[in-house]
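Visitor: Provided herewith: start.csv, CSV, C-alpha atoms.
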```csv
chain,number,residue,atom,x,y,z
A,433,MET,CA,0.0,0.0,0.0
A,434,ILE,CA,1.4,3.4,-1.0
A,435,ASN,CA,0.5,6.2,1.4
A,436,ILE,CA,2.2,9.6,0.8
A,437,ALA,CA,1.9,12.2,3.6
A,438,LEU,CA,2.4,15.9,2.6
A,439,ASP,CA,2.5,18.4,5.5
A,440,GLY,CA,3.3,22.1,5.7
A,441,PRO,CA,1.8,25.6,6.2
A,442,ALA,CA,-0.8,27.3,4.0
A,443,GLY,CA,0.4,28.2,0.5
A,444,SER,CA,3.5,25.9,0.5
A,445,GLY,CA,2.1,24.0,-2.5
A,446,LYS,CA,0.9,20.8,-0.9
A,447,SER,CA,-2.4,20.5,-2.7
A,448,THR,CA,-0.9,21.3,-6.2
A,449,VAL,CA,2.0,18.8,-5.6
A,450,ALA,CA,-0.4,16.2,-4.2
A,451,LYS,CA,-2.6,16.4,-7.4
A,452,ILE,CA,0.5,16.0,-9.6
A,453,LEU,CA,1.7,13.0,-7.6
A,454,ALA,CA,-1.7,11.4,-7.8
A,455,GLU,CA,-1.9,11.8,-11.6
A,456,LYS,CA,1.7,10.7,-12.3
A,457,LEU,CA,1.6,7.7,-9.9
A,458,GLY,CA,-2.0,6.7,-10.7
A,459,ILE,CA,-3.1,6.9,-7.1
A,460,LEU,CA,-5.9,8.7,-5.2
A,461,TYR,CA,-5.6,12.3,-4.0
A,462,LEU,CA,-7.6,12.9,-0.9
A,463,ASP,CA,-8.1,16.6,-0.3
A,464,THR,CA,-8.2,16.6,3.5
A,465,GLY,CA,-8.4,20.4,3.7
A,466,ALA,CA,-11.6,20.4,1.7
A,467,MET,CA,-13.2,18.2,4.4
A,468,TYR,CA,-12.4,20.8,7.1
A,469,ARG,CA,-13.6,23.6,4.9
A,470,ASP,CA,-16.9,21.8,4.6
A,471,CYS,CA,-17.1,21.8,8.4
A,472,ALA,CA,-16.4,25.5,8.4
A,473,LEU,CA,-19.1,26.2,5.8
A,474,LYS,CA,-21.6,24.1,7.7
A,475,CYS,CA,-21.0,26.2,10.8
A,476,LEU,CA,-21.3,29.4,8.8
A,477,ASN,CA,-24.5,28.4,7.2
A,478,SER,CA,-25.9,27.3,10.6
A,479,GLY,CA,-24.9,30.5,12.4
A,480,VAL,CA,-22.5,28.7,14.7
A,481,ASP,CA,-19.4,30.5,15.9
A,482,VAL,CA,-16.4,28.3,14.8
A,483,SER,CA,-14.6,29.1,18.0
A,484,ASP,CA,-17.5,27.7,20.1
A,485,GLU,CA,-16.4,24.1,20.6
A,486,VAL,CA,-19.7,22.9,22.1
A,487,GLY,CA,-21.7,24.5,19.3
A,488,VAL,CA,-19.4,23.1,16.6
A,489,LYS,CA,-19.6,19.6,18.1
A,490,GLY,CA,-23.3,19.7,17.9
A,491,ILE,CA,-23.1,20.6,14.2
A,492,ILE,CA,-20.3,18.0,13.4
A,493,ASP,CA,-22.1,15.1,15.1
A,494,GLY,CA,-24.8,15.3,12.4
A,495,LEU,CA,-22.7,16.4,9.5
A,496,ASP,CA,-23.8,15.1,6.1
A,497,LEU,CA,-20.5,15.1,4.3
A,498,LYS,CA,-19.8,12.9,1.3
A,499,ILE,CA,-16.8,12.7,-1.0
A,500,ARG,CA,-16.9,11.3,-4.5
A,501,TYR,CA,-14.6,11.4,-7.5
A,502,ASP,CA,-15.6,12.7,-10.9
A,503,GLY,CA,-13.1,12.6,-13.7
A,504,GLY,CA,-10.2,12.1,-11.3
A,505,ALA,CA,-11.2,15.2,-9.2
A,506,GLN,CA,-12.6,15.2,-5.7
A,507,VAL,CA,-16.1,16.5,-5.3
A,508,THR,CA,-17.3,17.4,-1.8
A,509,LEU,CA,-21.0,17.3,-1.0
A,510,LEU,CA,-22.4,19.1,2.0
A,511,ASP,CA,-26.0,18.3,2.7
A,512,GLY,CA,-26.3,16.8,-0.8
A,513,LYS,CA,-25.0,20.0,-2.5
A,514,ASP,CA,-21.7,20.3,-4.4
A,515,VAL,CA,-19.8,23.0,-2.5
A,516,SER,CA,-16.4,22.3,-4.1
A,517,LYS,CA,-16.1,25.9,-5.3
A,518,GLU,CA,-17.8,27.6,-2.4
A,519,ILE,CA,-15.4,26.2,0.2
A,520,ARG,CA,-12.4,27.9,-1.6
A,521,ARG,CA,-13.4,31.4,-0.6
A,522,ALA,CA,-10.8,33.2,1.6
A,523,GLU,CA,-13.4,33.6,4.4
A,524,ILE,CA,-13.9,29.8,4.6
A,525,SER,CA,-10.1,29.3,4.6
A,526,MET,CA,-9.7,31.3,7.8
A,527,LEU,CA,-12.8,29.7,9.4
A,528,ALA,CA,-11.5,26.2,8.6
A,529,SER,CA,-8.2,26.9,10.4
A,530,THR,CA,-10.2,27.7,13.6
A,531,VAL,CA,-12.8,24.9,13.3
A,532,SER,CA,-10.1,22.2,12.6
A,533,ALA,CA,-8.5,22.9,16.0
A,534,HIS,CA,-11.5,21.3,17.8
A,535,LYS,CA,-10.8,17.7,18.8
A,536,ALA,CA,-14.3,16.5,17.9
A,537,VAL,CA,-13.9,17.8,14.4
A,538,ARG,CA,-10.5,16.5,13.8
A,539,MET,CA,-11.2,13.0,15.1
A,540,LYS,CA,-14.3,12.7,12.9
A,541,MET,CA,-12.3,13.7,9.8
A,542,VAL,CA,-9.3,11.6,10.8
A,543,GLU,CA,-11.5,8.6,11.1
A,544,LYS,CA,-12.7,9.0,7.6
A,545,GLN,CA,-9.2,9.7,6.2
A,546,ARG,CA,-7.6,6.7,7.8
A,547,GLU,CA,-10.4,4.5,6.5
A,548,ILE,CA,-9.8,5.7,3.0
A,549,ALA,CA,-6.0,5.3,3.2
A,550,SER,CA,-6.3,1.8,4.5
A,551,GLU,CA,-8.3,0.8,1.4
A,552,MET,CA,-6.3,2.2,-1.4
A,553,ASP,CA,-3.0,3.8,-2.5
A,554,CYS,CA,-3.3,7.6,-1.9
A,555,VAL,CA,-1.6,10.9,-1.2
A,556,LEU,CA,-2.9,13.1,1.5
A,557,ASP,CA,-1.9,16.7,2.3
A,558,GLY,CA,-2.6,18.7,5.4
A,559,ARG,CA,-1.0,20.0,8.7
A,560,ASP,CA,-0.6,16.8,10.6
A,561,ILE,CA,-0.8,13.9,8.1
A,562,GLY,CA,2.6,12.4,8.8
A,563,SER,CA,2.6,13.2,12.5
A,564,PHE,CA,-0.9,12.2,13.4
A,565,VAL,CA,-3.3,11.0,10.7
A,566,LEU,CA,-1.0,8.5,9.1
A,567,PRO,CA,2.0,8.1,11.4
A,568,ASN,CA,3.0,4.8,9.8
A,569,ALA,CA,3.0,6.1,6.2
A,570,LYS,CA,6.2,5.1,4.5
A,571,TYR,CA,6.6,8.4,2.6
A,572,LYS,CA,6.5,11.6,4.5
A,573,PHE,CA,7.4,15.1,3.3
A,574,TYR,CA,7.1,18.5,4.9
A,575,LEU,CA,6.8,21.4,2.3
A,576,THR,CA,7.6,24.9,3.3
A,577,ALA,CA,8.1,28.3,1.7
A,578,ASP,CA,8.8,31.9,2.6
A,579,SER,CA,5.6,33.5,4.0
A,580,MET,CA,5.5,36.4,1.4
A,581,VAL,CA,6.0,33.9,-1.5
A,582,ARG,CA,3.0,32.0,-0.1
A,583,ALA,CA,1.0,35.1,0.1
A,584,GLU,CA,1.8,36.0,-3.5
A,585,ARG,CA,0.7,32.6,-4.6
A,586,ARG,CA,-2.6,33.0,-2.9
A,587,TYR,CA,-3.0,36.5,-4.3
A,588,LYS,CA,-2.5,35.3,-7.8
A,589,GLU,CA,-4.9,32.4,-7.3
A,590,LEU,CA,-7.7,34.7,-6.0
A,591,LYS,CA,-7.2,37.4,-8.6
A,592,GLU,CA,-7.5,34.7,-11.3
A,593,ARG,CA,-10.9,33.9,-9.8
A,594,GLY,CA,-11.9,37.5,-10.1
A,595,GLU,CA,-11.7,38.3,-6.4
A,596,GLU,CA,-10.5,41.6,-5.1
A,597,VAL,CA,-7.8,41.0,-2.6
A,598,ASP,CA,-5.0,42.9,-0.9
A,599,LEU,CA,-1.5,41.3,-0.9
A,600,ASN,CA,-0.5,42.8,2.5
A,601,ALA,CA,-3.7,41.6,4.1
A,602,LEU,CA,-3.2,38.1,2.7
A,603,HIS,CA,0.4,38.1,4.0
A,604,GLU,CA,-0.9,39.0,7.5
A,605,GLU,CA,-3.5,36.2,7.2
A,606,ILE,CA,-0.8,33.7,6.2
A,607,ILE,CA,1.3,34.6,9.3
A,608,LYS,CA,-1.7,34.5,11.6
A,609,ARG,CA,-2.8,31.2,10.2
A,610,ASP,CA,0.7,29.8,10.6
A,611,TYR,CA,0.7,30.8,14.3
A,612,ASN,CA,-2.8,29.4,14.9
A,613,ASP,CA,-2.0,26.1,13.1
A,614,SER,CA,1.3,25.5,14.9
A,615,HIS,CA,0.1,26.6,18.4
A,616,ARG,CA,-3.2,24.7,18.7
A,617,ASP,CA,-3.4,22.2,21.6
A,618,PHE,CA,-4.5,19.2,19.6
A,619,ALA,CA,-2.7,17.9,16.5
A,620,PRO,CA,-0.8,21.1,15.6
A,621,LEU,CA,1.1,21.8,12.4
A,622,VAL,CA,4.4,20.0,13.0
A,623,LYS,CA,7.0,18.2,10.9
A,624,ALA,CA,7.0,14.5,11.6
A,625,LYS,CA,10.4,13.4,12.8
A,626,ASP,CA,10.9,11.1,9.8
A,627,ALA,CA,9.6,13.6,7.2
A,628,GLU,CA,11.9,15.1,4.5
A,629,VAL,CA,11.8,18.9,4.3
A,630,ILE,CA,11.4,20.5,0.8
A,631,ASP,CA,11.5,24.3,0.5
A,632,THR,CA,9.2,25.1,-2.4
A,633,SER,CA,9.9,28.9,-2.4
A,634,TYR,CA,11.8,29.0,-5.7
A,635,ILE,CA,11.0,25.6,-7.4
A,636,SER,CA,7.9,24.7,-9.2
A,637,ALA,CA,5.3,22.2,-8.1
A,638,GLU,CA,6.3,19.9,-10.9
A,639,GLU,CA,9.9,19.9,-9.7
A,640,VAL,CA,8.8,19.2,-6.1
A,641,ALA,CA,6.7,16.3,-7.4
A,642,GLU,CA,9.6,14.9,-9.3
A,643,ILE,CA,11.7,14.9,-6.1
A,644,ILE,CA,9.1,12.9,-4.3
A,645,ILE,CA,8.5,10.5,-7.2
A,646,LYS,CA,12.2,9.6,-7.2
A,647,LYS,CA,12.0,8.8,-3.5
A,648,VAL,CA,8.9,6.7,-3.9
A,649,LYS,CA,10.2,4.8,-6.9
A,650,GLY,CA,13.6,4.3,-5.2
```
Any chance you could put this one into structure tokens?
Guide:
Amino acid sequence: MINIALDGPAGSGKSTVAKILAEKLGILYLDTGAMYRDCALKCLNSGVDVSDEVGVKGIIDGLDLKIRYDGGAQVTLLDGKDVSKEIRRAEISMLASTVSAHKAVRMKMVEKQREIASEMDCVLDGRDIGSFVLPNAKYKFYLTADSMVRAERRYKELKERGEEVDLNALHEEIIKRDYNDSHRDFAPLVKAKDAEVIDTSYISAEEVAEIIIKKVKG
């Protein structure tokens, strides 16, 4: 069974690299971040403060979240509705960082992620895949990049979607999210002891993927 764990802060290129790996290796890409974004969107739609752990738990316990694959792409369904595009809004990104810190949320998502990984070859990206979700994964990598480089990537992505954004504000959000993700009490962002670090600041996602593929293929 091939399980590849990609960890790292927001904007380090994990999702892009994971998709390339999945395509080139012919394995499944499980977008774990989308699952937490779904939780955040559910809270937003339900009027629940994502920092209210008790309120969030009440929502998550009855969460109707399904994942299916269409043409090789992951489609996330929340309450029967395809929210794959909606969950990519910047607002949802910040809310997801907060809601994912709650133990009840993470355990529910981790249970589903481990189940999928035990059944098929796959690549997962997130904040704690190698350190917590799949600690026994054979291949672990920690992707990182300069915070301004990561903000510029996010800026370009949002501008291409037609959204009006401020680069400095995005940079501040990146720094804040890094702090939140690495300082939460449960399953924080951390490099697994046996993970290989790859700085993606000045190399392309394709180049990062090739580095990983060489490791996997030995």
Visitor: For atom CA of A:Met539 and atom CA of A:Leu556, quote the distance in Å rounded to one decimal.
Guide: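 Atom CA of A:Leu556 lies at a distance of 15.9 Å from atom CA of A:Met539.
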Visitor: Grab the atom CA of A:Gly594 to atom CA of A:Gln506 distance for me, in Å with one decimal place.
Guide: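 Computing the Euclidean distance for atom CA of A:Gly594 and atom CA of A:Gln506 yields 22.7 Å.
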Visitor: So the first atom is atom CA of A:Val449 and the second is atom CA of A:Glu639; what is the distance between them in Å, to one decimal place?
Guide: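 These atoms are spaced 9.0 Å apart.
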Visitor: Using only C-alpha atoms, tabulate the residues of stretch 517-569 of chain A lying at most 9 Å from any atom of stretch 462-478 of chain A, each with its closest atom pair and that distance in Å to one decimal, by chain and increasing residue number, as CSV.
Guide:
```
residue,atom,partner,partner_atom,distance
A:Glu518,CA,A:Leu473,CA,8.4
A:Ile519,CA,A:Arg469,CA,5.7
A:Arg520,CA,A:Arg469,CA,7.9
A:Ile524,CA,A:Arg469,CA,6.2
A:Ser525,CA,A:Arg469,CA,6.7
A:Met526,CA,A:Ala472,CA,8.9
A:Leu527,CA,A:Ala472,CA,5.6
A:Ala528,CA,A:Ala472,CA,5.0
A:Ser529,CA,A:Tyr468,CA,8.1
A:Thr530,CA,A:Ala472,CA,8.4
A:Val531,CA,A:Ala472,CA,6.1
A:Ser532,CA,A:Tyr468,CA,6.1
A:Val537,CA,A:Cys471,CA,7.9
A:Arg538,CA,A:Tyr468,CA,8.2
A:Met541,CA,A:Met467,CA,7.1
A:Val542,CA,A:Thr464,CA,8.9
A:Gln545,CA,A:Thr464,CA,7.5
A:Ile548,CA,A:Leu462,CA,8.5
A:Ala549,CA,A:Leu462,CA,8.8
A:Cys554,CA,A:Leu462,CA,6.9
A:Val555,CA,A:Leu462,CA,6.3
A:Leu556,CA,A:Leu462,CA,5.3
A:Asp557,CA,A:Thr464,CA,6.4
A:Gly558,CA,A:Thr464,CA,6.3
A:Arg559,CA,A:Gly465,CA,8.9
```
Visitor: Could you write out the selected residues, including C-alpha atoms, as a CSV table (one decimal), keeping the file's coordinate frame?
Guide:
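Once everything was written out, this is out.csv:
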```
chain,number,residue,atom,x,y,z
A,518,GLU,CA,-17.8,27.6,-2.4
A,519,ILE,CA,-15.4,26.2,0.2
A,520,ARG,CA,-12.4,27.9,-1.6
A,524,ILE,CA,-13.9,29.8,4.6
A,525,SER,CA,-10.1,29.3,4.6
A,526,MET,CA,-9.7,31.3,7.8
A,527,LEU,CA,-12.8,29.7,9.4
A,528,ALA,CA,-11.5,26.2,8.6
A,529,SER,CA,-8.2,26.9,10.4
A,530,THR,CA,-10.2,27.7,13.6
A,531,VAL,CA,-12.8,24.9,13.3
A,532,SER,CA,-10.1,22.2,12.6
A,537,VAL,CA,-13.9,17.8,14.4
A,538,ARG,CA,-10.5,16.5,13.8
A,541,MET,CA,-12.3,13.7,9.8
A,542,VAL,CA,-9.3,11.6,10.8
A,545,GLN,CA,-9.2,9.7,6.2
A,548,ILE,CA,-9.8,5.7,3.0
A,549,ALA,CA,-6.0,5.3,3.2
A,554,CYS,CA,-3.3,7.6,-1.9
A,555,VAL,CA,-1.6,10.9,-1.2
A,556,LEU,CA,-2.9,13.1,1.5
A,557,ASP,CA,-1.9,16.7,2.3
A,558,GLY,CA,-2.6,18.7,5.4
A,559,ARG,CA,-1.0,20.0,8.7
```
Visitor: Could you give me, as a list in words, the residues within 10 Å of stretch 595-597 of chain A, counting only C-alpha atoms and dropping anything in the same chain fewer than 6 positions from it?
Guide: Arg521, Ala522, Arg586, Tyr587, Lys588 and Glu589 of chain A
Visitor: Would you mind listing what lies within 12 Å of A:Lys647 as a list in words, with only C-alpha atoms counted and same-chain residues fewer than 4 positions away left out?
Guide: Ile436, Leu453, Lys570, Tyr571, Lys572, Phe573, Ala627, Glu628, Val640, Ala641, Glu642 and Ile643 of chain A
Visitor: List as number ranges by chain the protein and nucleic acid residues near stretch 439-445 of chain A, meaning an atom at most 8 Å away when only C-alpha atoms are counted, but skip any in the same chain fewer than 2 places from it.
Guide: A: 437, 447-449, 557-562, 572-577, 582-583, 585-586, 606, 609-610, 613, 621-623, 632-633, 637
Visitor: Around (-1.9, 18.9, 21.5) in the file's own coordinates, what residues are found within 12 Å if you use all atoms listed in the file, given back as a PyMOL selection string?
Guide: chain A and resi 533-535+538+560+563-564+613-622
Visitor: Take the residues that were just selected and, keeping C-alpha atoms, output them as a PDB file, keeping the file's coordinate frame.
Guide:
```
ATOM      1  CA  ALA A 533      -8.500  22.900  16.000  1.00  0.00           C
ATOM      2  CA  HIS A 534     -11.500  21.300  17.800  1.00  0.00           C
ATOM      3  CA  LYS A 535     -10.800  17.700  18.800  1.00  0.00           C
ATOM      4  CA  ARG A 538     -10.500  16.500  13.800  1.00  0.00           C
ATOM      5  CA  ASP A 560      -0.600  16.800  10.600  1.00  0.00           C
ATOM      6  CA  SER A 563       2.600  13.200  12.500  1.00  0.00           C
ATOM      7  CA  PHE A 564      -0.900  12.200  13.400  1.00  0.00           C
ATOM      8  CA  ASP A 613      -2.000  26.100  13.100  1.00  0.00           C
ATOM      9  CA  SER A 614       1.300  25.500  14.900  1.00  0.00           C
ATOM     10  CA  HIS A 615       0.100  26.600  18.400  1.00  0.00           C
ATOM     11  CA  ARG A 616      -3.200  24.700  18.700  1.00  0.00           C
ATOM     12  CA  ASP A 617      -3.400  22.200  21.600  1.00  0.00           C
ATOM     13  CA  PHE A 618      -4.500  19.200  19.600  1.00  0.00           C
ATOM     14  CA  ALA A 619      -2.700  17.900  16.500  1.00  0.00           C
ATOM     15  CA  PRO A 620      -0.800  21.100  15.600  1.00  0.00           C
ATOM     16  CA  LEU A 621       1.100  21.800  12.400  1.00  0.00           C
ATOM     17  CA  VAL A 622       4.400  20.000  13.000  1.00  0.00           C
TER      18      VAL A 622
END
```
Visitor: Kindly indicate which residue among A:Gly503, A:Gly479, A:Gly650, A:Gly494 lies nearest to A:Leu460, using all atoms listed in the file for the distances.
Guide: A:Gly503
Visitor: Which one of A:Val486, A:Ile630, A:Val515, A:Ile499 sits closest to A:Tyr461 if you count all atoms listed in the file?
Guide: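 The shortest atom-to-atom distance to A:Tyr461 comes from A:Ile499.
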Visitor: Scan for residues within 10 Å of the point (4.4, 11.0, -13.9) in the coordinates of the file, using only C-alpha atoms, and reply as a PDB file with C-alpha atoms, keeping the file's coordinate frame.
Guide:
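Output saved as result-v3.pdb:
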```pdb
ATOM      1  CA  ILE A 452       0.500  16.000  -9.600  1.00  0.00           C
ATOM      2  CA  LEU A 453       1.700  13.000  -7.600  1.00  0.00           C
ATOM      3  CA  ALA A 454      -1.700  11.400  -7.800  1.00  0.00           C
ATOM      4  CA  GLU A 455      -1.900  11.800 -11.600  1.00  0.00           C
ATOM      5  CA  LYS A 456       1.700  10.700 -12.300  1.00  0.00           C
ATOM      6  CA  LEU A 457       1.600   7.700  -9.900  1.00  0.00           C
ATOM      7  CA  GLY A 458      -2.000   6.700 -10.700  1.00  0.00           C
ATOM      8  CA  GLU A 638       6.300  19.900 -10.900  1.00  0.00           C
ATOM      9  CA  ALA A 641       6.700  16.300  -7.400  1.00  0.00           C
ATOM     10  CA  GLU A 642       9.600  14.900  -9.300  1.00  0.00           C
ATOM     11  CA  ILE A 645       8.500  10.500  -7.200  1.00  0.00           C
TER      12      ILE A 645
END
```
